[in-house]
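As structure tokens, the structure follows; a few thoughts come after it.
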Amino acid sequence: MITPAHYTVLSAALFIIGMIGVLLRRNIIVIFMSIELMLNAVNINLVAYSSQLHNAVGQVFAIFVICVAAAEAAIGLGIILAFYRNKETVNIDEMNLMRW
Amino acid sequence: MDFIWLIPILPGVGAALNGVFGIRFFSKRASGLLACTTMAAAFVLAVAGFVQLLGLPADSRAHDVTLFTWIPPIALQTAGGIGTFQIPWSFRLDPLAAVMILVVTGVGFLIHVYSIGYMADESRGAYARYFSYLNLFCFFMLTLVLGANFLVMFVGWEGVGLCSYLLIGYWYEKKSASDAGKKAFIANRIGDWGFLIGVFLIFFTFGTLDFRAVANAAGAMPVETAHFGTLSLICLLLFIGATGKSAQIPLYVWLPDAMEGPTPVSALIHAATMVTAGVYMVGRNAVLFSHAPMTMEIVAIVGVLTALMAASIGLVQNDIKRVLAYSTVSQLGYMFVAMGVGAFAAGAFHLMTHAFFKALLFLCSGAVIHAMAGEQDMRKMGGLKKHLPVTYVTMLIGTLAIAGIPPLSGFFSKDEILLNAFLNNKIVWTLAAVTALMTAFYMYRLISLTFLGAYRGPAWEASGSKAVHEVPAHGPGAPDTHAGHGGHGHGAWHGPHEAPRTMTVPLIALAVGAVFAGFVGIPAVLGGGNAIEKFLEPSFVAEHRVAAKGLVGAELASARDARAETSSAPTSSAEASAHEKAEMSASGEFGLMLFSVFLGGLGIWVAYRFYVRRPEISEQLAARFAGAHRVLTNKYYVDEFYGATVVNGTLGSANGLWAVDRNVVDGAVNGSGWFTIFTSWVSGLIDKYIVDGLVNLVGWILERSSFVFRRAQTGLIQNYALLMLVGVFVFVTYLLLR
């Protein structure tokens with residue numbers, strides 16, 4: 001029997017994997033993908049508790065998050081593309097134009 | 001008589017035409033003719049006015065002509081509340097003015113004619129300039145005489161001073177002439193100051209400047225016998241003006257120097273007319289003066305001292321014109337004696353006779369100078385009688401007239417003054433009598449040195465022969481030779497010669513005047529009616545016609561009667577209360593007359609003895625009294641005294657004030673400048689180091705401190721993310737564990 005605890009552990013594991021990816025990787029594409037992992041970990045949590053509590057609001061929220069993630073991915077990839085055209089790299093350490 | 005305004009205007013037009021067009025365009029003949037014509041026309045009008053004035057009844061012999069309002073009404077503070085200051089440009093013809101305009105236009109015309117001959121050697125422009133000045137002088141003099149109020153008179157008063165300055169400095173290339181002009185002008189200005197202050201005080205006291213209104217107002221005031229009041233002060237100030245214009249102590253010094261001008265100018269301005277303006281002005285204000293006996297006393301004393309001092313200087317002068325100049329000062333002193341003892345009519349009478357014989361004497365001296373080619377030193381003349389017969393005879397007439405030999409004009413007028421002085425003040429009479437003696441002496445000395453004895457001048461080239469000892473026409477060595485004169489346009493000097501007809505005819509005319517002018521004033525004791533005094537009397541008393549006609553008419557009549565009886569009352573009864581009424585018997589008066597004739601005769605006899613019969617006596621006397629002689633020759637050192645005190649004092653104080661200006665005032669200005677520069681320098685330093693320093697300090701602190709804090713901004717996104725994570729952990733942990 002799959003209990004809510006299983007879903008929570010899975011979601012936490014996914015979130016931590018995503019967070020570690022964001023903090024440690026230098027390739028911005030990978031960081032981007034890690035952010036998607038973290039968002040989806042949240043989605044799992046929302047859907048699991050929606051089913052457990054018989055409340056549809058959680059699933060509606062999950063769909064909102066997917067929409068926002070899609071929009072974010074579009075904008076983020078646009079920025080990355082523009083940056084790449086300027087710098088010929090996707091290394092995040094090179095992205096320091098705003099530094100003093 | 002409405003035409004009297006034309007009398008001054010005519011010479012004024014002549015002056016304008018000659019001055020504007022004459023200098024450039026007129027021939028000598030035209031400008032001389034123009035000037036003489038205007039004067040002749042003015043003389044004719046003056047005679048016409050005089051005749052019409054005689055036709056009026058004696059009480060109402062005055063006529064006013066107002067041309068226009070000169071100064072529109074202005075409210076001014078006076079002693080009696082707010083008054084209205086309004087001056088019309090008006091002329092008044094009354095007996096005194098009538099006599100004066102006859103003298104000015106008559107003598108003036110003759111001198112204009114004389115000038116045609118005397119100034120013939122001037123260049124064309126200078127000739128027209130001379131006649132323009134001379135006409136302008138007559139314009140101002142007639143304005144002065146005819147003016148009906150103090151301000152119109154003042155215009156003439158200043159104008160004649162200006163013309164005097166212009167004509168003294170006529171030969172302006174000569175330093176001494178331009179200096180003399182300045183001296184005359186400055187001395188006159190000092191007097192004018194007193195006159196002007198007096199006029200201010202008159203307006204403040206009476207609220208009007210009209211002569212008749214002032215006289216009537218003053219006539220109603222009490223006589224200031226006991227105290228020195230307003231009237232006395234007014235009269236003293238007016239008299240200061242008179243001392244400047246009429247060359248009295250202490251301002252007489254300009255007149256002898258004024259002889260630098262052309263001789264006709266000396267005759268017209270500095271003998272016959274302008275210098276008598278002061279006497280005329282005192283006579284014009286006779287009512288004021290007779291209410292101020294203390295000032296009258298001063299006038300008499302100053303007059304007699306001037307007469308005595310100038311006559312004594314005249315005793316030893318060697319310049320022919322200077323003798324006459326000191327004689328003029330002395331005779332003016334006589335006129336002031338007359339004014340000061342209240343014998344206004346006698347003073348005006350002497351003014352008239354003096355105008356004739358002194359103008360005559362000056363013109364004769366001009367003829368002599370002309371004959372001697374500019375020489376003025378009498379020691380280089382002598383024996384000119386046979387060369388200048390007309391001049392000799394006319395000058396002798398003038399001399400006898402001034403010496404007071406009957407029946408010439410000077411006798412009557414001078415005797416009238418001496419008589420009035422005797423009645424009023426014995427000391428004044430004594431000094432005046434001594435002066436009369438001196439006058440006769442120095443005048444006959446002048447005649448003796450010039451016309452009698454042996455010729456002492458330079459030799460001359462006989463006409464036609466080529467003599468070796470040619471004498472230059474100009475006397476370069478003679479100190480007083482005026483620059484423009486000499487030469488005479490006929491080459492070398494051919495010795496003394498009689499003057500041309502334009503010069504001798506005026507001499508003869510004036511000589512006739514000098515003989516007969518006195519007959520209008522024959523005193524009662526000699527069987528005459530003293531017509532001039534009766535004629536002039538209305539000008540010297542206040543008119544109360546408007547207020548109380550009958551009463552004062554009687555008063556005037558009684559005054560005349562008193563005069564006719566005694567022929568000696570010093571003033572009319574209106575003024576007589578101010579003076580000690582003196583009585584004089586006919587025999588006493590006759591005795592005085594004989595005494596003055598004796599004095600005149602004595603002076604002439606002594607001069608004749610000293611300078612013709614035994615010339616060595618005068619030299620011995622001069623050697624014996626060397627000290628006195630030197631003092632007199634140097635004119636009592638008055639010029640030196642004034643130079644040392646007044647002139648140097650003025651210069652010294654001016655230098656002192658300049659030093660104050662330079663050091664204190666300029667110093668203060670420069671000091672404030674330096675102070676401003678210094679404070680702005682300090683303020684600049686404060687700005688630079690303190691204000692700027694504070695601003696820079698703030699910036700510096702911010703810059704330095706930013707080094708610490710900018711370390712936080714690594715620009716590495718993952719660093720920021722890690723910090724966020726740590727923050728979330730800390731926050732959550734805090735929430736969970738609290």
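Each chain in the structure tokens gets a letter, A, B, ..., in the order shown, and its residues are numbered from 1; ligands are numbered from 1 in order too.
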Exercise: Met259 (chain B) partners within 8 Å, only C-alpha atoms, chain neighbours under 4 positions left out, as a short mmCIF file (atom, residue, chain, number, x, y, z; two decimals) with N, CA and C atoms, in the first residue's frame:
data_model
loop_
_atom_site.label_atom_id
_atom_site.label_comp_id
_atom_site.auth_asym_id
_atom_site.auth_seq_id
_atom_site.Cartn_x
_atom_site.Cartn_y
_atom_site.Cartn_z
N ILE B 168 39.16 143.07 -19.14
CA ILE B 168 40.49 143.18 -18.51
C ILE B 168 41.42 142.19 -19.19
N LEU B 255 41.06 146.58 -8.62
CA LEU B 255 40.87 147.69 -9.55
C LEU B 255 42.18 148.21 -10.14
N THR B 263 42.59 151.03 -22.45
CA THR B 263 42.28 152.25 -21.70
C THR B 263 40.81 152.68 -21.80
N SER B 266 39.07 150.85 -19.20
CA SER B 266 39.32 151.42 -17.89
C SER B 266 38.42 152.62 -17.67
N LYS B 321 48.22 155.22 -15.68
CA LYS B 321 46.90 154.63 -15.46
C LYS B 321 46.70 154.21 -14.01
N ARG B 322 47.79 153.81 -13.36
CA ARG B 322 47.64 153.39 -11.96
C ARG B 322 47.29 154.56 -11.06
N ALA B 325 43.78 154.91 -11.48
CA ALA B 325 43.05 153.81 -10.85
C ALA B 325 42.90 154.06 -9.36
#
Counting only C-alpha atoms, which residues of chain A sit at most 10 Å from some atom of chain B, and what is each one's closest atom pair with its distance in Å to one decimal, listed by chain and rising residue number, as a tab-separated table?
residue	atom	partner	partner_atom	distance
A:Met19	CA	B:Leu725	CA	9.2
A:Ile20	CA	B:Leu722	CA	9.8
A:Val22	CA	B:Gln718	CA	7.2
A:Leu23	CA	B:Gln718	CA	5.3
A:Leu24	CA	B:Gln718	CA	7.5
A:Arg25	CA	B:Gln718	CA	8.8
A:Arg26	CA	B:Gln718	CA	8.8
A:Ile31	CA	B:Gln718	CA	9.7
A:Ile92	CA	B:Leu716	CA	7.5
A:Asp93	CA	B:Leu716	CA	6.2
A:Glu94	CA	B:Leu716	CA	8.7
A:Met95	CA	B:Gly715	CA	7.5
A:Asn96	CA	B:Gly715	CA	4.9
A:Leu97	CA	B:Gly715	CA	7.7
A:Met98	CA	B:Gly715	CA	6.8
A:Arg99	CA	B:Gly715	CA	5.1
A:Trp100	CA	B:Arg710	CA	7.4
With region 426-442 of chain B as the partner and 7 Å as the cut-off, tabulate the residues of region 279-328 of chain B that qualify, each row holding the nearest pair of atoms and their distance in Å to one decimal, using only C-alpha atoms, sorted by chain and rising number, as a tab-separated table.
residue	atom	partner	partner_atom	distance
B:Ile301	CA	B:Val428	CA	6.9
B:Val304	CA	B:Ala432	CA	6.1
B:Ala307	CA	B:Thr435	CA	6.4
B:Leu308	CA	B:Thr435	CA	5.2
B:Ala311	CA	B:Met438	CA	6.1
B:Ser312	CA	B:Met438	CA	6.8
B:Gly314	CA	B:Tyr442	CA	6.4
B:Leu315	CA	B:Tyr442	CA	5.0
Excluding Val9 (chain A) and any residue of its chain fewer than 3 positions from it, enumerate the residues within 12 Å of it, using only C-alpha atoms, and give them as a ChimeraX atom specification. /A:2-6,12-16,41-42,44-45,48
For the selection just defined, write its residues with C-alpha atoms to a file, as a JSON list (two decimals), in the first residue's frame.
[["chain", "number", "residue", "atom", "x", "y", "z"],
["A", 2, "ILE", "CA", 1.39, 3.31, -1.00],
["A", 3, "THR", "CA", 0.94, 5.83, 1.83],
["A", 4, "PRO", "CA", 1.29, 9.61, 1.66],
["A", 5, "ALA", "CA", 4.65, 9.19, 3.35],
["A", 6, "HIS", "CA", 5.99, 7.55, 0.19],
["A", 12, "ALA", "CA", 11.68, 15.53, -0.99],
["A", 13, "ALA", "CA", 14.27, 13.38, -2.77],
["A", 14, "LEU", "CA", 13.48, 14.95, -6.14],
["A", 15, "PHE", "CA", 13.61, 18.47, -4.60],
["A", 16, "ILE", "CA", 16.97, 17.85, -2.98],
["A", 41, "ALA", "CA", 8.69, 17.71, -6.81],
["A", 42, "VAL", "CA", 6.26, 20.32, -5.57],
["A", 44, "ILE", "CA", 3.91, 15.55, -6.76],
["A", 45, "ASN", "CA", 3.27, 16.85, -3.27],
["A", 48, "ALA", "CA", -0.67, 13.44, -3.54]]
Val282 (chain B) surroundings by only C-alpha atoms, 9 Å radius, close-in-sequence under 3 positions cut, as a PyMOL selection string: chain B and resi 235+238-239+242+277-279+285-286+288-289+336+339+344
Asp257 (chain B) surroundings by only C-alpha atoms, 9 Å radius, close-in-sequence under 5 positions cut, as an MDAnalysis selection string: chainID B and resid 168 176:177 179:181 183:184 322 325
